[in-house]
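Participant: Input file: work.txt. Contents: compact mmCIF, C-alpha atoms.
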# COMPACT_ATOMS: atom_id res chain seq x y z
CA MET H 1 -3.99 17.40 -6.33
CA ASN H 2 -6.93 17.40 -3.88
CA THR H 3 -6.43 16.89 -0.15
CA THR H 4 -7.81 13.35 -0.03
CA ALA H 5 -5.60 12.19 -2.91
CA LYS H 6 -2.59 13.84 -1.29
CA LYS H 7 -3.30 12.03 1.98
CA ALA H 8 -3.80 8.78 0.12
CA GLY H 9 -0.43 9.16 -1.55
CA ILE H 10 1.38 9.90 1.71
CA ALA H 11 -0.23 7.06 3.61
CA ALA H 12 0.30 4.63 0.73
CA LEU H 13 3.99 5.46 0.74
CA LEU H 14 4.11 4.90 4.47
CA LEU H 15 2.40 1.54 4.09
CA ALA H 16 4.70 0.56 1.27
CA GLY H 17 7.71 1.48 3.36
CA CYS H 18 6.55 -0.89 6.07
CA ALA H 19 5.38 -3.76 3.91
CA LEU H 20 7.28 -3.78 0.64
CA TYR H 21 10.91 -4.05 1.64
CA PHE H 22 10.83 -7.77 2.34
CA GLY H 23 14.46 -8.31 1.43
CA THR H 24 15.48 -7.77 5.08
CA ASP H 25 13.15 -10.44 6.47
CA LYS H 26 15.99 -12.98 6.37
CA VAL H 27 17.79 -11.17 9.19
CA ALA H 28 17.09 -12.95 12.46
CA PRO H 29 17.69 -10.28 15.17
CA PRO H 30 15.06 -7.52 15.49
CA ALA H 31 15.97 -4.32 13.69
CA GLN H 32 15.97 -1.07 15.62
CA ALA H 33 15.19 2.28 14.04
CA SER H 34 17.94 4.89 14.00
CA PRO H 35 16.05 8.20 13.80
CA PRO H 36 17.85 11.31 12.65
CA LYS H 37 19.16 13.57 15.39
CA PRO H 38 17.19 16.75 16.06
CA GLY H 39 17.97 19.52 13.62
CA PRO H 40 16.29 22.14 11.46
CA GLY H 41 12.76 21.20 10.45
CA LEU H 42 13.11 21.58 6.72
CA PHE H 43 15.99 20.95 4.40
CA ALA H 44 17.58 23.03 1.65
CA PHE H 45 20.79 21.33 0.51
CA VAL H 46 20.04 22.76 -2.94
CA PRO H 47 17.32 25.29 -3.86
CA SER H 48 15.09 22.70 -5.51
CA MET H 49 14.93 20.76 -2.22
CA ALA H 50 13.70 23.69 -0.14
CA GLY H 51 10.92 22.59 2.18
CA THR H 52 11.82 18.88 2.04
CA ARG H 53 13.50 16.41 4.37
CA PRO H 54 16.03 13.72 3.36
CA ASP H 55 14.46 10.38 2.50
CA GLY H 56 15.47 7.07 4.05
CA ASP H 57 14.57 5.43 7.37
CA LEU H 58 17.97 3.99 8.26
CA ARG H 59 18.06 1.00 10.59
CA THR H 60 20.65 -0.94 12.54
CA LEU H 61 20.75 -4.27 14.36
CA ALA H 62 21.53 -3.77 18.04
CA GLY H 63 22.97 -0.40 17.08
CA GLU H 64 26.10 -1.79 15.41
CA GLN H 65 25.18 -3.58 12.17
CA LEU H 66 23.75 -1.54 9.31
CA VAL H 67 20.57 -2.88 7.74
CA VAL H 68 21.05 -2.69 3.99
CA ASP H 69 17.64 -2.15 2.45
CA ALA H 70 15.84 0.10 -0.01
CA GLU H 71 15.66 2.93 2.54
CA LEU H 72 19.42 3.37 2.29
CA GLY H 73 19.11 3.72 -1.47
CA HIS H 74 16.32 6.27 -1.00
CA LEU H 75 18.66 8.40 1.11
CA PHE H 76 21.43 8.23 -1.49
CA ASP H 77 19.03 9.03 -4.34
CA TYR H 78 17.53 11.98 -2.46
CA TYR H 79 20.86 13.78 -2.48
CA LEU H 80 21.85 12.58 -5.94
CA ALA H 81 18.75 14.34 -7.27
CA GLY H 82 20.69 17.56 -6.59
CA LEU H 83 23.22 16.83 -9.35
CA GLY H 84 23.42 19.88 -11.54
CA GLU H 85 22.91 22.21 -8.61
CA LYS H 86 25.88 20.70 -6.73
CA ASP H 87 28.75 18.62 -8.02
CA LEU H 88 29.16 14.97 -7.14
CA ASP H 89 31.92 15.58 -4.57
CA ALA H 90 29.73 18.03 -2.65
CA ILE H 91 26.80 15.61 -2.76
CA ARG H 92 28.91 12.71 -1.52
CA SER H 93 30.25 14.83 1.35
CA GLU H 94 26.72 15.84 2.36
CA ILE H 95 25.50 12.22 2.29
CA GLU H 96 28.42 11.22 4.51
CA ARG H 97 27.57 14.02 6.95
CA GLU H 98 23.96 12.84 7.02
CA LEU H 99 25.09 9.27 7.73
CA ASP H 100 27.24 10.54 10.61
CA ARG H 101 24.25 12.44 11.99
CA ARG H 102 21.95 9.44 11.88
CA LEU H 103 24.18 6.49 12.69
CA LYS H 104 26.75 5.38 15.20
CA PRO H 105 30.36 5.31 13.93
CA GLY H 106 30.37 1.60 13.01
CA PRO H 107 27.18 1.56 10.92
CA ALA H 108 28.08 4.97 9.44
CA ARG H 109 31.39 3.53 8.24
CA GLN H 110 29.56 0.58 6.64
CA ALA H 111 27.10 2.94 4.95
CA LYS H 112 29.89 5.13 3.57
CA GLN H 113 31.60 2.10 2.05
CA LEU H 114 28.33 1.09 0.46
CA LEU H 115 27.85 4.65 -0.79
CA GLY H 116 31.12 4.37 -2.72
CA SER H 117 29.88 1.18 -4.38
CA TYR H 118 26.50 2.77 -5.08
CA LEU H 119 28.05 5.79 -6.81
CA GLY H 120 30.33 3.55 -8.87
CA TYR H 121 27.36 1.42 -9.88
CA LYS H 122 25.29 4.44 -10.92
CA GLN H 123 28.10 5.84 -13.02
CA ALA H 124 28.73 2.48 -14.69
CA LEU H 125 25.01 2.02 -15.29
CA ALA H 126 24.85 5.29 -17.20
CA GLY H 127 27.49 3.97 -19.57
CA VAL H 128 25.77 0.61 -19.97
CA GLU H 129 22.43 2.23 -20.76
CA ALA H 130 24.03 4.44 -23.39
CA SER H 131 25.43 1.34 -25.11
CA LEU H 132 22.15 -0.61 -25.22
CA PRO H 133 21.06 -1.25 -28.81
CA PRO H 134 17.75 0.25 -29.94
CA ALA H 135 14.88 -2.07 -29.08
CA GLY H 136 11.92 -2.85 -31.28
CA ASP H 137 9.33 -1.79 -28.73
CA MET H 138 8.99 -0.34 -25.23
CA ALA H 139 8.67 -3.73 -23.53
CA GLN H 140 11.87 -5.01 -25.15
CA ALA H 141 13.72 -1.83 -24.16
CA ALA H 142 12.54 -2.11 -20.56
CA ARG H 143 13.50 -5.78 -20.32
CA ALA H 144 16.96 -5.10 -21.80
CA ARG H 145 17.57 -2.33 -19.29
CA LEU H 146 16.57 -4.56 -16.35
CA LEU H 147 18.92 -7.32 -17.49
CA ALA H 148 21.78 -4.85 -17.96
CA MET H 149 21.27 -3.45 -14.48
CA ARG H 150 21.28 -6.87 -12.87
CA ARG H 151 24.32 -8.09 -14.77
CA LEU H 152 26.23 -5.05 -13.54
CA ARG H 153 25.44 -5.34 -9.84
CA PRO H 154 27.75 -8.24 -8.86
CA ALA H 155 30.76 -6.04 -9.67
CA TYR H 156 29.68 -3.61 -6.94
CA PHE H 157 27.53 -5.45 -4.40
CA THR H 158 27.32 -8.77 -2.60
CA PRO H 159 24.14 -10.81 -3.26
CA GLU H 160 22.84 -9.78 0.17
CA GLN H 161 23.45 -6.10 -0.54
CA SER H 162 21.78 -6.34 -3.94
CA ALA H 163 18.74 -8.06 -2.43
CA GLY H 164 18.45 -5.40 0.26
CA LEU H 165 18.95 -2.37 -1.93
CA PHE H 166 17.09 -3.51 -5.02
CA GLY H 167 14.89 -6.49 -4.14
CA ALA H 168 11.70 -4.51 -3.64
CA GLY H 169 12.25 -2.42 -6.75
CA ASP H 170 13.07 -5.52 -8.80
CA ALA H 171 9.75 -7.10 -7.83
CA GLN H 172 7.93 -3.97 -8.98
CA ASP H 173 9.93 -3.75 -12.19
CA ASP H 174 9.42 -7.41 -13.08
CA ASP H 175 5.68 -7.09 -12.59
CA ALA H 176 5.47 -3.84 -14.59
CA VAL H 177 7.53 -5.18 -17.51
CA ALA H 178 5.59 -8.45 -17.59
CA ARG H 179 2.35 -6.47 -17.88
CA LEU H 180 3.85 -4.28 -20.57
CA GLU H 181 4.94 -7.35 -22.53
CA ILE H 182 1.44 -8.82 -22.35
CA ASP H 183 -0.17 -5.56 -23.43
CA SER H 184 2.17 -5.17 -26.43
CA ASP H 185 1.94 -8.82 -27.58
CA LYS H 186 0.02 -8.67 -30.86
CA ARG H 187 -0.40 -12.44 -30.88
CA LEU H 188 -2.84 -12.22 -27.95
CA ASP H 189 -6.44 -11.14 -28.25
CA ALA H 190 -8.20 -9.14 -25.52
CA GLY H 191 -9.44 -12.23 -23.69
CA GLN H 192 -6.01 -13.87 -23.66
CA LYS H 193 -4.39 -10.69 -22.38
CA LYS H 194 -6.94 -10.46 -19.58
CA ALA H 195 -6.25 -14.08 -18.61
CA ARG H 196 -2.48 -13.53 -18.61
CA LEU H 197 -2.84 -10.43 -16.44
CA ALA H 198 -5.04 -12.39 -14.03
CA GLU H 199 -2.27 -15.00 -13.76
CA LEU H 200 0.19 -12.24 -12.87
CA ASP H 201 -2.20 -11.01 -10.20
CA GLN H 202 -2.29 -14.50 -8.69
CA ARG H 203 1.51 -14.80 -8.63
CA MET H 204 2.11 -11.32 -7.28
CA PRO H 205 4.07 -11.25 -3.99
CA ALA H 206 1.93 -10.29 -1.02
CA ALA H 207 4.03 -7.19 -0.31
CA LEU H 208 3.64 -5.90 -3.86
CA ARG H 209 -0.11 -6.57 -3.79
CA GLU H 210 -0.28 -4.62 -0.54
CA GLU H 211 1.42 -1.65 -2.16
CA ARG H 212 -0.84 -1.70 -5.22
CA GLU H 213 -4.00 -1.91 -3.12
CA ALA H 214 -2.91 0.68 -0.55
CA PRO H 215 -4.06 3.84 -2.41
CA ALA H 216 -7.63 2.60 -2.81
CA ARG H 217 -7.72 1.53 0.83
CA ILE H 218 -6.45 4.93 1.95
CA LEU H 219 -9.06 6.72 -0.16
CA ARG H 220 -11.77 4.66 1.56
CA LEU H 221 -10.26 5.51 4.94
CA GLU H 222 -10.22 9.24 4.16
CA GLU H 223 -13.84 9.07 3.04
CA SER H 224 -14.64 7.57 6.45
CA VAL H 225 -12.65 10.34 8.13
CA ALA H 226 -14.63 12.96 6.21
CA ARG H 227 -17.88 11.40 7.45
CA LEU H 228 -16.54 11.35 11.02
CA ARG H 229 -15.64 15.04 10.84
CA ALA H 230 -19.04 15.85 9.36
CA ASN H 231 -20.58 14.18 12.42
CA GLY H 232 -18.48 16.26 14.81
CA ALA H 233 -15.44 14.02 15.40
CA GLY H 234 -12.32 15.81 16.62
CA ASP H 235 -8.65 15.42 15.79
CA ASN H 236 -8.03 12.83 18.54
CA GLU H 237 -10.78 10.52 17.29
CA VAL H 238 -9.57 10.88 13.70
CA TYR H 239 -6.01 10.08 14.80
CA ARG H 240 -7.16 6.91 16.58
CA VAL H 241 -9.08 5.71 13.52
CA ARG H 242 -6.14 6.31 11.21
CA ALA H 243 -3.65 4.77 13.62
CA ALA H 244 -5.77 1.62 13.90
CA ALA H 245 -6.09 1.32 10.12
CA LEU H 246 -2.49 2.23 9.26
CA SER H 247 0.05 2.96 11.97
CA PRO H 248 0.68 5.71 14.54
CA GLU H 249 3.40 7.13 12.27
CA ALA H 250 1.09 7.26 9.25
CA ALA H 251 -1.66 8.83 11.35
CA ALA H 252 0.75 11.51 12.54
CA ARG H 253 1.82 12.31 8.98
CA LEU H 254 -1.80 12.60 7.84
CA ALA H 255 -2.56 14.85 10.81
CA GLU H 256 0.29 17.07 9.62
CA VAL H 257 -1.34 17.23 6.18
CA ASP H 258 -4.60 18.24 7.87
CA ARG H 259 -2.84 21.07 9.69
CA ASP H 260 -1.10 22.25 6.53
CA GLU H 261 -4.38 22.24 4.63
CA ALA H 262 -6.18 24.14 7.40
CA ALA H 263 -3.41 26.74 7.47
CA TRP H 264 -3.57 27.11 3.68
CA LYS H 265 -7.35 27.59 3.77
CA ALA H 266 -6.98 30.22 6.49
CA ARG H 267 -4.42 32.11 4.41
CA ILE H 268 -6.66 31.91 1.35
CA GLY H 269 -9.63 33.18 3.37
CA ALA H 270 -7.65 36.15 4.68
CA TYR H 271 -6.32 36.92 1.20
CA LEU H 272 -9.75 36.83 -0.41
CA ALA H 273 -11.15 39.16 2.25
CA GLN H 274 -8.30 41.63 1.73
CA ARG H 275 -8.64 41.28 -2.02
CA ALA H 276 -12.38 42.03 -1.89
CA ALA H 277 -11.71 45.15 0.18
CA LEU H 278 -9.03 46.25 -2.26
CA MET H 279 -11.22 45.73 -5.30
CA ALA H 280 -14.03 47.70 -3.65
CA GLN H 281 -11.84 50.82 -3.59
CA PRO H 282 -11.74 52.36 -7.08
CA ALA H 283 -8.58 54.31 -6.38
CA SER H 284 -6.73 51.12 -5.51
CA ARG H 285 -8.26 48.90 -8.15
CA ASN H 286 -5.19 48.22 -10.22
CA ASP H 287 -2.90 45.36 -11.01
CA ALA H 288 0.03 46.76 -9.05
CA ALA H 289 -1.91 46.92 -5.78
CA LEU H 290 -3.29 43.43 -6.29
CA GLN H 291 0.15 42.03 -7.06
CA HIS H 292 1.54 43.72 -3.95
CA LEU H 293 -1.12 41.94 -1.89
CA ARG H 294 -0.25 38.60 -3.49
CA ASP H 295 3.47 39.09 -2.91
CA ALA H 296 2.85 39.94 0.75
CA SER H 297 0.78 36.79 1.28
CA PHE H 298 2.22 34.06 -0.94
CA SER H 299 5.42 32.83 -2.53
CA VAL H 300 5.84 32.82 -6.30
CA ASP H 301 5.03 29.10 -6.47
CA GLU H 302 1.97 29.52 -4.27
CA GLN H 303 0.65 32.33 -6.43
CA ARG H 304 0.26 29.89 -9.30
CA ARG H 305 -2.53 28.24 -7.30
CA LEU H 306 -4.51 31.41 -6.63
CA GLY H 307 -6.50 31.30 -9.86
CA ALA H 308 -8.49 28.37 -8.49
CA TYR H 309 -9.70 30.47 -5.54
CA GLU H 310 -10.20 33.95 -6.98
CA PRO H 311 -13.66 34.96 -8.27
CA GLU H 312 -14.00 33.91 -11.89
CA SER H 313 -15.51 37.20 -13.00
CA SER H 314 -12.59 39.25 -11.68
CA VAL H 315 -10.04 36.84 -13.13
CA SER H 316 -11.77 37.07 -16.49
CA SER H 317 -11.86 40.86 -16.17
CA GLU H 318 -8.13 41.01 -15.44
CA SER H 319 -7.43 38.66 -18.33
CA SER H 320 -9.47 40.75 -20.75
CA LYS H 321 -7.72 43.89 -19.48
CA SER H 322 -4.41 42.21 -20.16
CA ARG H 323 -5.52 41.23 -23.66
CA ARG H 324 -6.62 44.79 -24.39
CA ALA H 325 -3.25 46.08 -23.23
CA ASP H 326 -1.57 43.64 -25.60
Can you turn what I pasted into structure tokens?
Facilitator:
Amino acid sequence: MNTTAKKAGIAALLLAGCALYFGTDKVAPPAQASPPKPGPGLFAFVPSMAGTRPDGDLRTLAGEQLVVDAELGHLFDYYLAGLGEKDLDAIRSEIERELDRRLKPGPARQAKQLLGSYLGYKQALAGVEASLPPAGDMAQAARARLLAMRRLRPAYFTPEQSAGLFGAGDAQDDDAVARLEIDSDKRLDAGQKKARLAELDQRMPAALREEREAPARILRLEESVARLRANGAGDNEVYRVRAAALSPEAAARLAEVDRDEAAWKARIGAYLAQRAALMAQPASRNDAALQHLRDASFSVDEQRRLGAYEPESSVSSESSKSRRAD
């Protein structure tokens, strides 16, 4: 993924987080953010999560009433993605510890009760999905799954909880399935399908339209940023432009991507210089020495990216050498 696309994805997610979760708009008092307490920068609850942070921007009303919205579900799902590396009891305990870290005792207690319902719902949903009859096409299967999910929720959540946790996702799912149904309807010709899709566009909730349009808007913003930098703009000016177009939080996240990318480029530059010096020495020109240099500079995952930066002729030479050895 190139840098601009990566930034577009991050900023689009930030925008969606602010605009999409409209299920909480019915709450009258202003919501206050409950940021996580200071702790280690990166998270490694299970090995596959190394270098990540828990999802979910938990909020409370006046510090005492938990806001039940999609962010809470994001936090639960983040940890549940570790199933297989940790058992469910360990995951539940870690979620509860995270809730205690982020929330005051009252809201944490509410969140833990909701976590129990959420886990029960997920387990029941797995059974329901397994019992769904085979559908004739993808659209029918998707619609059947949505209906099964929604019929199951009242056994675990109040209507308000369901709207908060799933309202935004339901709007996305309904739109996606409706488009899939139109596309797979053999009774419609191309013109009729186009007209039906245009009708969906007109009926689309504003928040969902915002989310769909966000990536293109972010790409345009990052193109403007590239032009600013080409004309000598510094980090402060770039931050102000992004903050005005998105939000201060989104601008800060994109600045972090800039720093990460600059650090990566510096590491690549240093590696290529060392590599060139190594390859210029006949006595050291061997795969073992080159691999030692790679291991000293990059992780195993990072090394998979090196082929895009190394000189093509030397890569081809090493490949042909490998083929000859085979």
Participant: Can you tell me how far CA of Gly56 (chain H) sits from CA of Leu72 (chain H), in Å to one decimal?
Facilitator: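 So the two atoms, CA of Gly56 (chain H) and CA of Leu72 (chain H), lie 5.7 Å apart.
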Participant: As JSON, please report the centre and edge lengths, rounded to one decimal in Å, of the axis-aligned box that holds all listed atoms of region 119-137 of chain H with 3 Å of padding on each of the six sides.
Facilitator:
{"center_x": 19.8, "center_y": 1.5, "center_z": -19.0, "size_x": 27.0, "size_y": 14.7, "size_z": 30.5}
Participant: Write out as JSON lines the residues of region 99-121 of chain H that have any atom within 12 Å of an atom of region 79-89 of chain H, one row each with the nearest atom pair and its distance in Å to one decimal, counting all atoms listed in the file, sorted by chain and then rising number.
Facilitator:
{"residue": "H:Leu99", "atom": "CA", "partner": "H:Tyr79", "partner_atom": "CA", "distance": 11.9}
{"residue": "H:Leu115", "atom": "CA", "partner": "H:Leu80", "partner_atom": "CA", "distance": 11.2}
{"residue": "H:Gly116", "atom": "CA", "partner": "H:Asp89", "partner_atom": "CA", "distance": 11.4}
{"residue": "H:Tyr118", "atom": "CA", "partner": "H:Leu80", "partner_atom": "CA", "distance": 10.9}
{"residue": "H:Leu119", "atom": "CA", "partner": "H:Leu80", "partner_atom": "CA", "distance": 9.2}
{"residue": "H:Gly120", "atom": "CA", "partner": "H:Leu88", "partner_atom": "CA", "distance": 11.6}
Participant: Need the shell around Leu114 (chain H): protein/DNA/RNA residues with any atom at most 10 Å away, counting all atoms listed in the file. Skip same-chain ones fewer than 6 positions apart. Format as a short mmCIF file (atom, residue, chain, number, x, y, z; two decimals) with C-alpha atoms, in the frame of the given file?
Facilitator:
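Generated output (result27.cif):
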data_model
loop_
_atom_site.label_atom_id
_atom_site.label_comp_id
_atom_site.auth_asym_id
_atom_site.auth_seq_id
_atom_site.Cartn_x
_atom_site.Cartn_y
_atom_site.Cartn_z
CA VAL H 68 21.05 -2.69 3.99
CA LEU H 72 19.42 3.37 2.29
CA GLY H 73 19.11 3.72 -1.47
CA ALA H 108 28.08 4.97 9.44
CA GLY H 120 30.33 3.55 -8.87
CA TYR H 156 29.68 -3.61 -6.94
CA PHE H 157 27.53 -5.45 -4.40
CA GLN H 161 23.45 -6.10 -0.54
#
Participant: Using only C-alpha atoms, which of the listed residues (H:Lys122, H:Arg212, H:Arg227, H:Lys104) sits closest to Ala155 (chain H)?
Facilitator: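 Counting only C-alpha atoms, the residue closest to Ala155 (chain H) is H:Lys122.
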Participant: CA of Ser162 (chain H) to CA of Gln123 (chain H): how many Å, to one decimal?
Facilitator: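 About the pair CA of Ser162 (chain H) and CA of Gln123 (chain H): they are 16.5 Å apart.
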Participant: Please measure the separation of CA of His74 (chain H) and CA of Phe166 (chain H), giving the value in Å to one decimal.
Facilitator: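 Interatomic distance, CA of His74 (chain H) to CA of Phe166 (chain H): 10.6 Å.
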Participant: Restricted to C-alpha atoms, what does region 40-140 of chain H look like when written out as a PDB file, in the first residue's frame?
Facilitator:
ATOM      1  CA  PRO H  40       2.889   1.171  27.219  1.00  0.00           C
ATOM      2  CA  GLY H  41       2.812   2.603  23.712  1.00  0.00           C
ATOM      3  CA  LEU H  42       2.116  -0.572  21.804  1.00  0.00           C
ATOM      4  CA  PHE H  43       0.098  -3.616  22.673  1.00  0.00           C
ATOM      5  CA  ALA H  44       0.861  -7.334  22.500  1.00  0.00           C
ATOM      6  CA  PHE H  45      -1.939  -9.246  24.237  1.00  0.00           C
ATOM      7  CA  VAL H  46      -1.277 -12.031  21.718  1.00  0.00           C
ATOM      8  CA  PRO H  47       1.626 -12.262  19.231  1.00  0.00           C
ATOM      9  CA  SER H  48      -0.524 -11.376  16.228  1.00  0.00           C
ATOM     10  CA  MET H  49      -1.429  -8.046  17.878  1.00  0.00           C
ATOM     11  CA  ALA H  50       2.160  -6.918  18.398  1.00  0.00           C
ATOM     12  CA  GLY H  51       2.543  -3.266  17.457  1.00  0.00           C
ATOM     13  CA  THR H  52      -1.179  -2.451  17.752  1.00  0.00           C
ATOM     14  CA  ARG H  53      -3.364  -0.626  20.243  1.00  0.00           C
ATOM     15  CA  PRO H  54      -6.833  -1.708  21.418  1.00  0.00           C
ATOM     16  CA  ASP H  55      -9.675  -0.283  19.350  1.00  0.00           C
ATOM     17  CA  GLY H  56     -12.625   1.610  20.763  1.00  0.00           C
ATOM     18  CA  ASP H  57     -13.034   5.245  21.867  1.00  0.00           C
ATOM     19  CA  LEU H  58     -15.144   4.678  24.980  1.00  0.00           C
ATOM     20  CA  ARG H  59     -17.334   7.535  26.160  1.00  0.00           C
ATOM     21  CA  THR H  60     -19.398   8.398  29.206  1.00  0.00           C
ATOM     22  CA  LEU H  61     -22.030  10.988  30.060  1.00  0.00           C
ATOM     23  CA  ALA H  62     -20.867  13.204  32.918  1.00  0.00           C
ATOM     24  CA  GLY H  63     -18.428  10.447  33.811  1.00  0.00           C
ATOM     25  CA  GLU H  64     -21.057   8.050  35.192  1.00  0.00           C
ATOM     26  CA  GLN H  65     -23.257   6.735  32.364  1.00  0.00           C
ATOM     27  CA  LEU H  66     -21.671   4.532  29.715  1.00  0.00           C
ATOM     28  CA  VAL H  67     -22.372   5.509  26.111  1.00  0.00           C
ATOM     29  CA  VAL H  68     -23.279   2.317  24.284  1.00  0.00           C
ATOM     30  CA  ASP H  69     -22.169   2.727  20.703  1.00  0.00           C
ATOM     31  CA  ALA H  70     -20.190   0.938  18.008  1.00  0.00           C
ATOM     32  CA  GLU H  71     -16.884   1.921  19.640  1.00  0.00           C
ATOM     33  CA  LEU H  72     -17.640  -0.408  22.536  1.00  0.00           C
ATOM     34  CA  GLY H  73     -18.182  -3.253  20.088  1.00  0.00           C
ATOM     35  CA  HIS H  74     -14.893  -2.385  18.377  1.00  0.00           C
ATOM     36  CA  LEU H  75     -13.081  -2.804  21.693  1.00  0.00           C
ATOM     37  CA  PHE H  76     -14.711  -6.176  22.346  1.00  0.00           C
ATOM     38  CA  ASP H  77     -13.981  -7.393  18.808  1.00  0.00           C
ATOM     39  CA  TYR H  78     -10.348  -6.288  18.996  1.00  0.00           C
ATOM     40  CA  TYR H  79      -9.679  -8.718  21.815  1.00  0.00           C
ATOM     41  CA  LEU H  80     -11.943 -11.434  20.438  1.00  0.00           C
ATOM     42  CA  ALA H  81      -9.747 -11.487  17.336  1.00  0.00           C
ATOM     43  CA  GLY H  82      -7.184 -13.198  19.582  1.00  0.00           C
ATOM     44  CA  LEU H  83      -9.292 -16.354  19.903  1.00  0.00           C
ATOM     45  CA  GLY H  84      -7.094 -19.288  19.041  1.00  0.00           C
ATOM     46  CA  GLU H  85      -4.055 -17.658  20.592  1.00  0.00           C
ATOM     47  CA  LYS H  86      -5.842 -17.205  23.938  1.00  0.00           C
ATOM     48  CA  ASP H  87      -8.937 -18.919  25.274  1.00  0.00           C
ATOM     49  CA  LEU H  88     -12.200 -17.085  25.793  1.00  0.00           C
ATOM     50  CA  ASP H  89     -11.802 -16.796  29.582  1.00  0.00           C
ATOM     51  CA  ALA H  90      -8.416 -15.111  29.195  1.00  0.00           C
ATOM     52  CA  ILE H  91      -9.807 -12.742  26.570  1.00  0.00           C
ATOM     53  CA  ARG H  92     -12.788 -11.817  28.720  1.00  0.00           C
ATOM     54  CA  SER H  93     -10.500 -11.119  31.690  1.00  0.00           C
ATOM     55  CA  GLU H  94      -8.282  -8.878  29.566  1.00  0.00           C
ATOM     56  CA  ILE H  95     -11.274  -6.933  28.213  1.00  0.00           C
ATOM     57  CA  GLU H  96     -12.494  -6.384  31.769  1.00  0.00           C
ATOM     58  CA  ARG H  97      -9.051  -5.127  32.802  1.00  0.00           C
ATOM     59  CA  GLU H  98      -9.060  -2.742  29.845  1.00  0.00           C
ATOM     60  CA  LEU H  99     -12.501  -1.454  30.845  1.00  0.00           C
ATOM     61  CA  ASP H 100     -11.232  -0.852  34.391  1.00  0.00           C
ATOM     62  CA  ARG H 101      -8.253   1.057  32.996  1.00  0.00           C
ATOM     63  CA  ARG H 102     -10.371   3.310  30.816  1.00  0.00           C
ATOM     64  CA  LEU H 103     -13.542   3.863  32.801  1.00  0.00           C
ATOM     65  CA  LYS H 104     -14.690   4.856  36.252  1.00  0.00           C
ATOM     66  CA  PRO H 105     -16.137   2.020  38.374  1.00  0.00           C
ATOM     67  CA  GLY H 106     -19.796   2.702  37.493  1.00  0.00           C
ATOM     68  CA  PRO H 107     -19.422   2.792  33.697  1.00  0.00           C
ATOM     69  CA  ALA H 108     -16.913  -0.089  33.848  1.00  0.00           C
ATOM     70  CA  ARG H 109     -19.517  -2.195  35.649  1.00  0.00           C
ATOM     71  CA  GLN H 110     -22.104  -1.352  32.961  1.00  0.00           C
ATOM     72  CA  ALA H 111     -19.625  -2.241  30.215  1.00  0.00           C
ATOM     73  CA  LYS H 112     -18.782  -5.589  31.826  1.00  0.00           C
ATOM     74  CA  GLN H 113     -22.455  -6.499  32.014  1.00  0.00           C
ATOM     75  CA  LEU H 114     -22.832  -5.621  28.352  1.00  0.00           C
ATOM     76  CA  LEU H 115     -19.719  -7.665  27.557  1.00  0.00           C
ATOM     77  CA  GLY H 116     -21.427 -10.746  29.002  1.00  0.00           C
ATOM     78  CA  SER H 117     -24.425 -10.162  26.731  1.00  0.00           C
ATOM     79  CA  TYR H 118     -22.141  -9.529  23.761  1.00  0.00           C
ATOM     80  CA  LEU H 119     -20.255 -12.798  24.251  1.00  0.00           C
ATOM     81  CA  GLY H 120     -23.504 -14.724  24.637  1.00  0.00           C
ATOM     82  CA  TYR H 121     -24.852 -13.132  21.468  1.00  0.00           C
ATOM     83  CA  LYS H 122     -21.713 -13.976  19.477  1.00  0.00           C
ATOM     84  CA  GLN H 123     -21.787 -17.588  20.605  1.00  0.00           C
ATOM     85  CA  ALA H 124     -25.487 -17.922  19.807  1.00  0.00           C
ATOM     86  CA  LEU H 125     -24.968 -16.262  16.432  1.00  0.00           C
ATOM     87  CA  ALA H 126     -22.388 -18.866  15.469  1.00  0.00           C
ATOM     88  CA  GLY H 127     -24.983 -21.564  16.049  1.00  0.00           C
ATOM     89  CA  VAL H 128     -27.675 -19.702  14.128  1.00  0.00           C
ATOM     90  CA  GLU H 129     -25.397 -19.164  11.145  1.00  0.00           C
ATOM     91  CA  ALA H 130     -24.498 -22.844  11.057  1.00  0.00           C
ATOM     92  CA  SER H 131     -28.198 -23.723  10.867  1.00  0.00           C
ATOM     93  CA  LEU H 132     -29.059 -21.351   8.009  1.00  0.00           C
ATOM     94  CA  PRO H 133     -30.237 -23.284   4.943  1.00  0.00           C
ATOM     95  CA  PRO H 134     -28.163 -22.978   1.764  1.00  0.00           C
ATOM     96  CA  ALA H 135     -29.236 -19.945  -0.234  1.00  0.00           C
ATOM     97  CA  GLY H 136     -29.641 -19.776  -3.978  1.00  0.00           C
ATOM     98  CA  ASP H 137     -27.260 -16.870  -4.429  1.00  0.00           C
ATOM     99  CA  MET H 138     -24.940 -14.566  -2.492  1.00  0.00           C
ATOM    100  CA  ALA H 139     -27.540 -11.818  -2.045  1.00  0.00           C
ATOM    101  CA  GLN H 140     -30.075 -14.250  -0.571  1.00  0.00           C
TER     102      GLN H 140
END
